[in-house]
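**Q** What follows is start01.cif, made up of mmCIF, C-alpha atoms:
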```cif
data_query
loop_
_atom_site.label_atom_id
_atom_site.label_comp_id
_atom_site.auth_asym_id
_atom_site.auth_seq_id
_atom_site.Cartn_x
_atom_site.Cartn_y
_atom_site.Cartn_z
CA MET W 238 12.39 -100.88 -32.42
CA GLY W 239 12.49 -99.24 -35.83
CA ILE W 240 10.41 -96.33 -34.59
CA ARG W 241 12.75 -95.78 -31.65
CA CYS W 242 15.85 -95.79 -33.87
CA CYS W 243 14.19 -93.43 -36.32
CA SER W 244 13.22 -90.99 -33.54
CA LYS W 245 16.74 -91.06 -32.10
CA SER W 246 18.20 -90.42 -35.56
CA PHE W 247 15.84 -87.49 -36.05
CA GLY W 248 16.74 -86.04 -32.64
CA PHE W 249 20.45 -86.39 -33.39
CA GLN W 250 20.03 -84.62 -36.73
CA LYS W 251 18.10 -81.83 -35.03
CA LEU W 252 20.85 -81.31 -32.45
CA GLN W 253 23.50 -81.28 -35.19
CA GLN W 254 21.49 -78.65 -37.05
CA MET W 255 21.19 -76.46 -33.95
CA GLU W 256 24.92 -76.86 -33.28
CA SER W 257 25.80 -75.69 -36.80
CA GLU W 258 23.37 -72.75 -36.52
CA LEU W 259 24.96 -71.68 -33.25
CA LYS W 260 28.46 -71.89 -34.75
CA ASP W 261 27.29 -69.68 -37.63
CA LEU W 262 25.94 -67.14 -35.15
CA ASN W 263 29.25 -67.01 -33.32
CA SER W 264 31.51 -66.98 -36.38
CA LYS W 265 31.60 -63.19 -36.67
CA PRO W 266 32.63 -62.44 -33.08
CA ALA W 267 35.33 -65.11 -33.41
CA LYS W 268 36.88 -63.28 -36.35
CA THR W 269 36.87 -60.06 -34.40
CA HIS W 270 38.96 -61.65 -31.65
CA GLN W 271 41.50 -62.89 -34.15
CA THR W 272 42.10 -59.44 -35.65
CA ASP W 273 42.82 -57.86 -32.27
CA PRO W 274 46.41 -58.67 -31.23
CA THR W 275 45.91 -57.18 -27.77
CA HIS W 276 43.42 -59.92 -26.77
CA ASP W 277 44.82 -63.25 -25.63
CA ASP W 278 42.86 -66.37 -24.73
CA ALA W 279 42.70 -65.52 -21.04
CA SER W 280 41.28 -62.04 -21.52
CA SER W 281 38.71 -63.18 -24.08
CA LYS W 282 37.16 -65.63 -21.61
CA ASP W 283 35.75 -63.04 -19.22
CA ASP W 284 32.64 -63.24 -17.11
CA ARG W 285 30.55 -61.15 -19.45
CA PRO W 286 27.68 -62.99 -21.17
CA LEU W 287 28.09 -63.73 -24.85
CA LEU W 288 24.90 -61.92 -25.82
CA LYS W 289 26.21 -58.63 -24.44
CA SER W 290 29.72 -58.98 -25.79
CA ALA W 291 28.72 -60.05 -29.31
CA GLY W 292 29.12 -57.35 -31.91
CA ASN W 293 26.21 -58.15 -34.22
CA ASN W 294 22.79 -57.03 -32.96
CA ASN W 295 21.05 -59.21 -35.52
CA ASP W 296 22.80 -62.28 -34.10
CA ILE W 297 21.73 -61.31 -30.59
CA GLN W 298 18.11 -60.81 -31.62
CA GLU W 299 18.04 -64.06 -33.55
CA LEU W 300 19.45 -66.02 -30.61
CA GLU W 301 17.03 -64.45 -28.11
CA LYS W 302 14.10 -65.09 -30.42
CA LYS W 303 15.05 -68.73 -30.89
CA PHE W 304 15.42 -69.35 -27.14
CA ALA W 305 12.78 -66.85 -25.94
CA ALA W 306 11.56 -69.12 -23.13
CA TYR W 307 14.94 -68.81 -21.37
CA VAL W 308 15.75 -65.13 -21.97
CA ARG W 309 15.98 -62.84 -18.94
CA ASP W 310 14.55 -59.37 -19.47
CA ASP W 311 15.22 -57.75 -16.11
CA VAL W 312 17.66 -55.02 -15.07
CA TYR W 313 20.40 -57.58 -14.39
CA GLY W 314 20.40 -58.99 -17.93
CA PRO W 315 21.38 -62.48 -19.20
CA MET W 316 22.95 -64.66 -16.50
CA GLY W 317 22.63 -61.71 -14.11
CA ARG W 318 25.78 -60.17 -15.59
CA GLY W 319 24.33 -57.15 -17.36
CA LYS W 320 25.65 -53.64 -16.86
CA LEU W 321 23.77 -52.10 -13.94
CA PRO W 322 22.81 -48.42 -13.68
CA LEU W 323 24.30 -46.44 -10.79
CA LYS W 324 21.02 -46.39 -8.85
CA GLU W 325 20.74 -50.17 -8.99
CA LYS W 326 24.35 -50.56 -7.85
CA LEU W 327 23.66 -48.39 -4.81
CA LEU W 328 20.48 -50.30 -3.91
CA LEU W 329 22.28 -53.60 -4.34
CA GLY W 330 25.20 -52.46 -2.19
CA ILE W 331 22.95 -51.29 0.65
CA ALA W 332 20.89 -54.50 0.58
CA PHE W 333 24.04 -56.64 0.42
CA VAL W 334 25.28 -55.13 3.69
CA MET W 335 22.02 -54.72 5.61
CA LEU W 336 19.38 -57.10 4.21
CA LEU W 337 21.28 -60.14 2.92
CA PRO W 338 22.92 -61.24 6.24
CA LEU W 339 19.62 -60.89 8.13
CA ARG W 340 17.68 -62.95 5.62
CA ILE W 341 20.35 -65.66 5.51
CA LEU W 342 20.33 -65.88 9.33
CA LEU W 343 16.52 -66.09 9.53
CA GLY W 344 16.31 -68.56 6.66
CA MET W 345 18.89 -70.88 8.18
CA THR W 346 17.12 -70.66 11.54
CA LEU W 347 13.82 -71.77 9.99
CA LEU W 348 15.59 -74.61 8.16
CA VAL W 349 17.28 -75.87 11.34
CA VAL W 350 14.04 -75.62 13.32
CA TYR W 351 12.16 -77.72 10.78
CA TYR W 352 14.99 -80.23 10.58
CA LEU W 353 14.80 -80.69 14.37
CA ILE W 354 11.02 -81.15 14.16
CA CYS W 355 11.47 -83.81 11.48
CA ARG W 356 14.23 -85.49 13.49
CA ILE W 357 12.05 -85.70 16.60
CA CYS W 358 9.02 -86.98 14.66
CA THR W 359 11.01 -89.72 12.96
CA LEU W 360 12.79 -91.00 16.06
CA PHE W 361 12.38 -94.76 16.53
CA SER W 362 10.56 -94.97 13.15
CA ALA W 363 11.85 -97.02 10.24
CA PRO W 364 11.65 -95.38 6.80
CA ASN W 365 9.43 -96.84 4.12
CA ARG W 366 11.54 -98.58 1.45
CA GLU W 367 9.94 -99.06 -1.97
CA GLU W 368 13.16 -100.25 -3.60
CA GLU W 369 16.91 -99.78 -3.21
CA GLU W 370 17.76 -96.22 -2.05
CA GLN W 371 14.09 -95.17 -2.26
CA GLU W 372 13.10 -94.44 1.32
CA ASP W 373 10.81 -91.92 2.94
CA TYR W 374 8.75 -91.13 6.03
CA ALA W 375 5.57 -90.12 4.18
CA HIS W 376 3.84 -93.25 5.51
CA LEU W 377 3.91 -91.99 9.11
CA GLY W 378 0.50 -91.49 10.64
CA GLY W 379 -1.08 -89.97 13.73
CA TRP W 380 0.44 -87.00 15.51
CA ARG W 381 3.84 -87.46 13.85
CA ARG W 382 2.54 -86.91 10.35
CA ALA W 383 0.27 -84.09 11.49
CA VAL W 384 3.17 -82.22 13.10
CA ILE W 385 5.45 -82.73 10.07
CA VAL W 386 2.81 -81.48 7.61
CA ARG W 387 1.46 -78.53 9.60
CA SER W 388 4.84 -77.25 10.72
CA GLY W 389 6.22 -77.80 7.21
CA ARG W 390 3.47 -75.73 5.60
CA PHE W 391 3.82 -72.95 8.17
CA LEU W 392 7.61 -72.76 8.04
CA SER W 393 7.67 -72.91 4.23
CA ARG W 394 5.37 -69.90 4.08
CA SER W 395 7.49 -68.21 6.75
CA LEU W 396 10.61 -68.78 4.65
CA LEU W 397 8.90 -67.22 1.63
CA PHE W 398 8.02 -64.23 3.83
CA VAL W 399 11.66 -63.91 4.92
CA VAL W 400 12.75 -63.94 1.27
CA GLY W 401 10.39 -61.05 0.50
CA PHE W 402 7.13 -62.68 -0.60
CA TYR W 403 5.03 -60.83 1.95
CA TRP W 404 1.78 -61.59 0.15
CA ILE W 405 0.92 -64.11 -2.54
CA ARG W 406 -1.95 -63.46 -4.90
CA GLU W 407 -3.96 -66.63 -5.50
CA THR W 408 -6.71 -66.96 -8.11
CA HIS W 409 -9.08 -69.92 -8.37
CA LYS W 410 -10.48 -70.27 -11.87
CA ASP W 411 -13.50 -72.21 -13.04
CA SER W 412 -12.35 -73.50 -16.40
CA ALA W 413 -15.10 -73.82 -18.96
CA ASN W 414 -12.98 -76.29 -20.89
CA ALA W 415 -12.58 -78.59 -17.90
CA GLN W 416 -16.30 -78.44 -17.12
CA GLU W 417 -17.20 -79.24 -20.72
CA ASN W 418 -14.75 -82.15 -20.71
CA SER W 419 -16.48 -83.61 -17.67
CA LYS W 420 -20.02 -83.15 -19.03
CA THR W 421 -19.32 -84.80 -22.36
CA GLU W 422 -18.14 -87.94 -20.59
CA GLY W 423 -21.40 -88.23 -18.62
CA ARG W 424 -19.72 -89.07 -15.33
CA ASN W 425 -21.75 -89.73 -12.20
CA GLU W 426 -21.18 -87.97 -8.87
CA SER W 427 -18.91 -90.66 -7.44
CA GLU W 428 -16.60 -90.37 -10.43
CA GLU W 429 -16.65 -86.59 -10.19
CA GLN W 430 -15.49 -86.79 -6.58
CA GLU W 431 -12.53 -89.00 -7.45
CA ARG W 432 -9.50 -87.72 -5.59
CA PRO W 433 -6.70 -86.30 -7.82
CA GLY W 434 -3.39 -88.11 -7.66
CA ALA W 435 -1.02 -85.34 -8.75
CA ILE W 436 -0.52 -81.61 -8.96
CA VAL W 437 1.02 -80.41 -12.23
CA SER W 438 2.63 -76.99 -12.41
CA ASN W 439 4.78 -74.90 -14.67
CA HIS W 440 8.36 -74.58 -13.44
CA VAL W 441 9.92 -71.14 -13.03
CA SER W 442 12.20 -71.30 -9.98
CA TYR W 443 13.26 -73.36 -6.97
CA LEU W 444 10.85 -71.07 -5.11
CA ASP W 445 8.02 -73.06 -6.70
CA ILE W 446 8.84 -75.88 -4.29
CA LEU W 447 8.47 -73.67 -1.22
CA TYR W 448 5.09 -72.43 -2.40
CA HIS W 449 3.73 -75.91 -3.04
CA MET W 450 5.07 -77.07 0.31
CA SER W 451 3.21 -74.24 2.04
CA SER W 452 0.06 -74.89 0.02
CA SER W 453 -0.42 -78.65 -0.11
CA PHE W 454 2.80 -80.30 1.16
CA PRO W 455 3.07 -82.86 -1.67
CA SER W 456 5.86 -85.25 -2.62
CA PHE W 457 8.39 -84.22 -5.28
CA VAL W 458 10.81 -85.86 -7.67
CA ALA W 459 14.40 -85.00 -6.68
CA LYS W 460 17.95 -86.02 -7.50
CA ARG W 461 19.18 -88.89 -5.36
CA SER W 462 22.00 -86.69 -4.07
CA VAL W 463 19.40 -84.50 -2.32
CA ALA W 464 18.80 -87.29 0.20
CA LYS W 465 22.40 -86.91 1.39
CA ILE W 466 22.42 -83.12 1.82
CA PRO W 467 22.67 -82.12 5.51
CA LEU W 468 19.35 -80.92 6.95
CA VAL W 469 17.60 -80.98 3.56
CA GLY W 470 18.01 -84.75 3.16
CA LEU W 471 15.78 -85.68 6.10
CA ILE W 472 13.23 -83.04 5.15
CA SER W 473 13.00 -84.46 1.62
CA LYS W 474 12.36 -87.93 3.08
CA CYS W 475 9.56 -86.54 5.25
CA LEU W 476 8.07 -85.04 2.08
CA GLY W 477 8.16 -88.49 0.52
CA CYS W 478 10.37 -87.48 -2.41
CA VAL W 479 11.01 -89.91 -5.27
CA TYR W 480 14.75 -89.91 -5.91
CA VAL W 481 16.23 -89.95 -9.38
CA GLN W 482 19.67 -91.23 -10.27
CA ARG W 483 20.33 -90.21 -13.85
CA GLU W 484 23.77 -91.77 -14.09
CA SER W 485 22.60 -95.38 -13.97
CA LYS W 486 19.55 -97.57 -14.30
CA SER W 487 19.43 -101.08 -12.92
CA SER W 488 17.63 -103.68 -15.01
CA ASP W 489 15.66 -104.97 -12.04
CA SER W 490 14.32 -101.56 -11.13
CA LYS W 491 10.91 -100.46 -12.31
CA GLY W 492 12.30 -96.97 -12.85
CA VAL W 493 11.25 -93.53 -11.73
CA ALA W 494 8.17 -93.50 -13.96
CA GLY W 495 6.97 -96.70 -12.29
CA VAL W 496 7.50 -95.33 -8.79
CA VAL W 497 5.77 -92.05 -9.67
CA THR W 498 2.82 -93.90 -11.22
CA ASP W 499 2.45 -96.05 -8.10
CA ARG W 500 2.55 -92.93 -5.89
CA VAL W 501 -0.07 -91.17 -8.02
CA CYS W 502 -2.37 -94.19 -7.82
CA GLU W 503 -1.83 -94.44 -4.06
CA ALA W 504 -2.66 -90.75 -3.58
CA ARG W 505 -5.85 -91.18 -5.61
CA GLU W 506 -7.01 -94.16 -3.53
CA ASN W 507 -5.70 -93.19 -0.08
CA LYS W 508 -6.63 -89.82 1.41
CA SER W 509 -3.81 -89.99 3.94
CA ALA W 510 -1.15 -90.42 1.23
CA PRO W 511 0.51 -87.22 -0.07
CA MET W 512 -0.18 -86.19 -3.65
CA MET W 513 2.69 -86.09 -6.13
CA MET W 514 3.88 -82.65 -7.24
CA LEU W 515 5.29 -82.81 -10.77
CA PHE W 516 6.77 -80.24 -13.13
CA PRO W 517 6.07 -81.91 -16.50
CA GLU W 518 8.16 -79.38 -18.46
CA GLY W 519 11.29 -80.94 -16.99
CA THR W 520 13.15 -77.63 -16.62
CA THR W 521 12.59 -73.99 -15.70
CA THR W 522 11.57 -71.08 -17.96
CA ASN W 523 11.28 -67.32 -17.54
CA GLY W 524 7.62 -67.75 -16.58
CA ASP W 525 6.02 -66.49 -19.79
CA PHE W 526 6.18 -69.77 -21.70
CA LEU W 527 4.97 -73.34 -21.32
CA LEU W 528 7.25 -76.07 -22.67
CA PRO W 529 6.12 -79.49 -23.96
CA PHE W 530 4.96 -81.81 -21.16
CA LYS W 531 6.53 -85.14 -20.32
CA THR W 532 4.02 -87.93 -19.67
CA GLY W 533 5.18 -89.14 -16.23
CA ALA W 534 2.40 -87.35 -14.34
CA PHE W 535 -0.26 -88.72 -16.68
CA LEU W 536 0.65 -92.41 -16.98
CA ALA W 537 -1.66 -93.42 -14.13
CA GLY W 538 -4.68 -91.84 -15.85
CA ALA W 539 -5.64 -90.19 -12.55
CA PRO W 540 -7.20 -86.70 -12.27
CA VAL W 541 -4.68 -83.88 -11.85
CA VAL W 542 -4.74 -80.38 -10.39
CA PRO W 543 -3.24 -77.80 -12.81
CA VAL W 544 -1.46 -74.87 -11.15
CA THR W 545 0.53 -72.03 -12.72
CA LEU W 546 2.96 -69.66 -11.01
CA ARG W 547 4.27 -66.28 -12.12
CA TYR W 548 6.71 -63.86 -10.52
CA PRO W 549 5.99 -60.23 -11.52
CA TYR W 550 9.03 -57.99 -11.09
CA GLN W 551 10.41 -54.53 -11.73
CA ARG W 552 14.14 -54.98 -11.11
CA PHE W 553 15.24 -58.59 -10.58
CA SER W 554 13.26 -61.56 -11.92
CA PRO W 555 12.92 -64.48 -9.47
CA ALA W 556 12.82 -66.84 -12.48
CA TRP W 557 15.78 -69.21 -12.47
CA GLU W 558 16.46 -70.06 -16.09
CA SER W 559 19.91 -68.85 -17.16
CA ILE W 560 21.63 -67.58 -14.03
CA SER W 561 23.86 -69.42 -11.55
CA GLY W 562 22.34 -70.56 -8.27
CA VAL W 563 24.57 -68.51 -5.96
CA ARG W 564 24.16 -65.33 -8.00
CA HIS W 565 20.39 -65.83 -8.13
CA VAL W 566 20.07 -66.34 -4.37
CA VAL W 567 22.17 -63.26 -3.58
CA PHE W 568 20.22 -60.98 -5.94
CA LEU W 569 16.90 -62.41 -4.75
CA LEU W 570 17.70 -61.84 -1.07
CA CYS W 571 18.89 -58.32 -1.87
CA GLN W 572 15.50 -57.41 -3.34
CA LEU W 573 13.29 -55.96 -0.61
CA VAL W 574 9.94 -57.08 -2.03
CA ASN W 575 9.21 -60.05 -4.30
CA HIS W 576 5.89 -60.95 -5.88
CA MET W 577 4.18 -64.21 -6.74
CA GLU W 578 0.90 -64.87 -8.55
CA VAL W 579 -0.72 -68.30 -8.44
CA THR W 580 -3.58 -69.51 -10.62
CA ARG W 581 -5.36 -72.70 -9.63
CA LEU W 582 -7.56 -74.48 -12.15
CA PRO W 583 -10.24 -77.04 -11.26
CA VAL W 584 -9.38 -80.72 -11.07
CA TYR W 585 -8.91 -82.09 -14.59
CA TYR W 586 -10.72 -85.42 -15.02
CA PRO W 587 -9.34 -87.31 -18.03
CA SER W 588 -11.63 -88.93 -20.58
CA GLN W 589 -11.27 -92.60 -21.36
CA GLN W 590 -9.35 -91.68 -24.51
CA GLU W 591 -6.93 -89.59 -22.46
CA LYS W 592 -6.49 -92.40 -19.95
CA ASP W 593 -5.54 -94.71 -22.80
CA ASP W 594 -3.18 -92.13 -24.32
CA PRO W 595 -1.00 -90.33 -21.69
CA LYS W 596 0.54 -88.12 -24.38
CA LEU W 597 -2.91 -86.83 -25.39
CA PHE W 598 -3.75 -86.35 -21.70
CA ALA W 599 -0.57 -84.31 -21.15
CA ASN W 600 -1.08 -82.19 -24.28
CA ASN W 601 -4.68 -81.35 -23.39
CA VAL W 602 -3.77 -80.29 -19.85
CA ARG W 603 -0.94 -78.17 -21.26
CA LYS W 604 -3.26 -76.44 -23.73
CA LEU W 605 -5.74 -75.75 -20.95
CA MET W 606 -3.09 -74.24 -18.68
CA ALA W 607 -1.71 -72.09 -21.49
CA SER W 608 -5.11 -70.75 -22.57
CA GLU W 609 -6.48 -70.12 -19.07
CA CYS W 610 -3.29 -68.52 -17.72
CA ASN W 611 -2.10 -66.60 -20.80
CA LEU W 612 1.10 -68.57 -21.26
CA ILE W 613 2.86 -68.93 -24.62
CA MET W 614 3.29 -72.51 -25.80
CA SER W 615 6.84 -73.24 -26.93
CA ASP W 616 8.19 -76.36 -28.64
CA ILE W 617 11.75 -76.15 -27.29
CA GLY W 618 13.09 -78.10 -24.32
CA LEU W 619 16.12 -78.95 -22.22
CA PRO W 620 18.55 -79.55 -25.13
CA GLU W 621 17.84 -76.06 -26.48
CA LYS W 622 18.33 -74.63 -23.00
CA ARG W 623 21.78 -76.18 -22.83
CA ILE W 624 22.63 -74.69 -26.21
CA TYR W 625 21.49 -71.25 -25.03
CA HIS W 626 23.55 -71.54 -21.85
CA ALA W 627 26.57 -72.56 -23.90
CA ALA W 628 26.06 -69.54 -26.16
CA LEU W 629 25.86 -67.22 -23.14
CA ASN W 630 29.16 -68.64 -21.93
CA GLY W 631 30.79 -68.21 -25.33
CA ASN W 632 31.10 -71.95 -25.95
CA ASN W 633 31.12 -72.80 -29.65
CA SER W 634 32.09 -76.47 -29.35
CA LEU W 635 28.97 -78.15 -28.03
CA PRO W 636 29.03 -81.92 -28.63
CA SER W 637 29.18 -82.72 -24.91
CA VAL W 638 26.36 -80.28 -24.20
CA LEU W 639 24.15 -81.37 -27.06
CA HIS W 640 24.34 -85.07 -26.42
CA GLN W 641 23.70 -85.02 -22.67
CA LYS W 642 20.74 -87.20 -21.79
CA ASP W 643 17.45 -85.30 -21.61
CA ASP W 644 15.86 -86.72 -18.46
#
```
What would the structure in this file look like if it were written as structure tokens?
**A**
Amino acid sequence: MGIRCCSKSFGFQKLQQMESELKDLNSKPAKTHQTDPTHDDASSKDDRPLLKSAGNNNDIQELEKKFAAYVRDDVYGPMGRGKLPLKEKLLLGIAFVMLLPLRILLGMTLLVVYYLICRICTLFSAPNREEEEQEDYAHLGGWRRAVIVRSGRFLSRSLLFVVGFYWIRETHKDSANAQENSKTEGRNESEEQERPGAIVSNHVSYLDILYHMSSSFPSFVAKRSVAKIPLVGLISKCLGCVYVQRESKSSDSKGVAGVVTDRVCEARENKSAPMMMLFPEGTTTNGDFLLPFKTGAFLAGAPVVPVTLRYPYQRFSPAWESISGVRHVVFLLCQLVNHMEVTRLPVYYPSQQEKDDPKLFANNVRKLMASECNLIMSDIGLPEKRIYHAALNGNNSLPSVLHQKDD
């Protein structure tokens, strides 16, 4: 109990320190607004990002350095609100008129088709209920499950093609570190063939989900509200998603971590059960960094499959880290060609020490992914991301942002 209170006190002090640093960074622009009588409150709160409207370049560089994992470096700038060159404006205008409507129409068609497939396959079938409001159709077997999985993989890849990912470069690496880890434990062949229970991946964009659906069709962790979204809700249940309700936790519930651990164990023991797909960073980055891992994917002590995704770009970055959803979708669909690079590492078999210590297990997998895939390890997380977003929006009073629960 004392350790928990101490850690919470330390986290609170850290957030207070970051809040004061951010206020110091924004103190100079604030004075500038006060000396200009022509600017009222309404005109000062424009849509331009704070980093571009701030007057001190040193402040901008310091802020971008501190939150480097969330900084956009494409033509469209922070939050997609940068000043575009004339050529880019023309290309965007042409694509907005000719390409965007076509892609929206095709994308919605694919979504409706898959929804109808899922609806037909789940007719007269009762959903599996693990606990209150946790239901799915991942337990279906026979032709129903086969149709859901195969059509889901095909249509997910088709949707990526419609969005502009015409080809995806996949690399399968033989990690020397993973092989050495297995040899030193002296495992026999039966242990080596143990089925992994989860796929762990870095998180760059919502597009990550479409790729993993097309590749292995695993189960995901999603907000409980997703289950109620038209069309998408039923599809998420066919995927076997574990739903999260951050607003409340009932005392009689074993919690999301418990459900995820059970699913990972089931996937390891049952070949017909879908593997869990987990993003242990807990939020998205710009694709060049790897944030600290949460331990949820590693609590079961089961082998995991590490996968990293990157989105090379020239104009607009498909990374979704500091830009609104609608703006990101529009710019993405207006880009004729998008690129994705996937690196798959061998199955990581944990040692007995790692099984006993999920945090050690998570850290070792993270180090392996970073070293093998040339990613920069960063020690910031979701609270820092909220601070950066607040800074971009010109928000200097951050208590509500800082103290939001980091789930």
**Q** Within 10 Å of (18.4, -65.1, -3.6), only C-alpha atoms: residues as a PyMOL selection string?
**A** chain W and resi 337+340-341+400-401+444+555+562-572
**Q** Show me, as a Markdown table, the residues of range 432-489 of chain W having an atom within 10 Å of range 586-604 of chain W, each with the closest atom pair and its distance in Å, using all atoms listed in the file.
**A**
```
| residue | atom | partner | partner_atom | distance |
| --- | --- | --- | --- | --- |
| W:Arg432 | CA | W:Tyr586 | CA | 9.8 |
| W:Pro433 | CA | W:Tyr586 | CA | 8.3 |
| W:Val437 | CA | W:Val602 | CA | 9.0 |
| W:Ser438 | CA | W:Arg603 | CA | 9.6 |
| W:Asn439 | CA | W:Arg603 | CA | 9.3 |
```
**Q** Find the residues near Ile354 in chain W: any atom within 9 Å, counting only C-alpha atoms, skip ones fewer than 6 places away on the same chain, and give them as a ChimeraX atom specification.
**A** /W:384-385,388
**Q** Identify which of the residues W:Leu342, W:Ala464, W:Lys303, W:Leu471 lies closest to Leu360 in chain W, counting all atoms listed in the file when measuring atom-to-atom distances.
**A**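 That would be W:Leu471, the residue with the smallest distance to Leu360 in chain W.
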**Q** What gap, in Å, lies between CA of Leu347 in chain W and CA of Ser462 in chain W?
**A** 22.1 Å
**Q** Would you mind reading off the distance between CA of Glu503 in chain W and CA of Gly538 in chain W, one decimal, in Å?
**A**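 Rounded to one decimal, the two atoms are 12.4 Å apart.
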**Q** Applying the PyMOL selection byres ((chain W and resi 556) around 8) to the file I just gave you, which residues come out? Please list them as a ChimeraX atom specification.
**A** /W:441-442,521-524,548,554-555,557-558
**Q** Show me, as a ChimeraX atom specification, the residues that have an atom within 7 Å of range 445-459 of chain W when counting all atoms listed in the file, minus same-chain residues fewer than 3 positions from it.
**A** /W:386,389-391,393-394,440-442,463,476-481,511-515
**Q** If the PyMOL selection byres ((chain W and resi 496-501) around 8) were run on this exact file, what residues would it hold? Put them as a list in words.
**A**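 For this structure, the PyMOL selection byres ((chain W and resi 496-501) around 8) captures Gly434, Ala435, Val479, Lys491, Gly492, Val493, Ala494, Gly495, Cys502, Glu503, Ala504, Arg505, Met512, Met513, Gly533, Ala534, Leu536, Ala537 and Ala539 of chain W.
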**Q** Could you tell me which of W:Pro620, W:Pro540, W:Gly314, W:Gly378 comes closest to Ala510 in chain W if we count all atoms listed in the file?
**A**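 Among the listed residues, the smallest separation from Ala510 in chain W belongs to W:Gly378.
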**Q** Hey, can you check how far CA of Gly519 in chain W sits from CA of Glu506 in chain W?
**A**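 These atoms are spaced 26.3 Å apart.
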**Q** Using all atoms listed in the file, find the one residue out of W:Gly379, W:Pro467, W:Pro549, W:Gly618 that sits nearest to Leu527 in chain W.
**A** W:Gly618
**Q** For a quick check of understanding, using all atoms listed in the file, which of W:Val350, W:Val334, W:Leu323, W:Ile617 has the smallest distance to Phe304 in chain W?
**A**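 Between W:Val350, W:Val334, W:Leu323, W:Ile617, the residue approaching Phe304 in chain W most closely is W:Ile617.
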**Q** Measuring between all atoms listed in the file, which one of W:Met335, W:Cys355, W:Lys531, W:Glu372 shows the shortest distance to Lys465 in chain W?
**A**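 Of all the options, W:Glu372 lies closest to Lys465 in chain W.
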**Q** Using only C-alpha atoms, pick whichever of W:Leu328, W:Ala627, W:Leu339, W:Ile472 has the shortest atom-to-atom distance to Tyr374 in chain W.
**A** W:Ile472
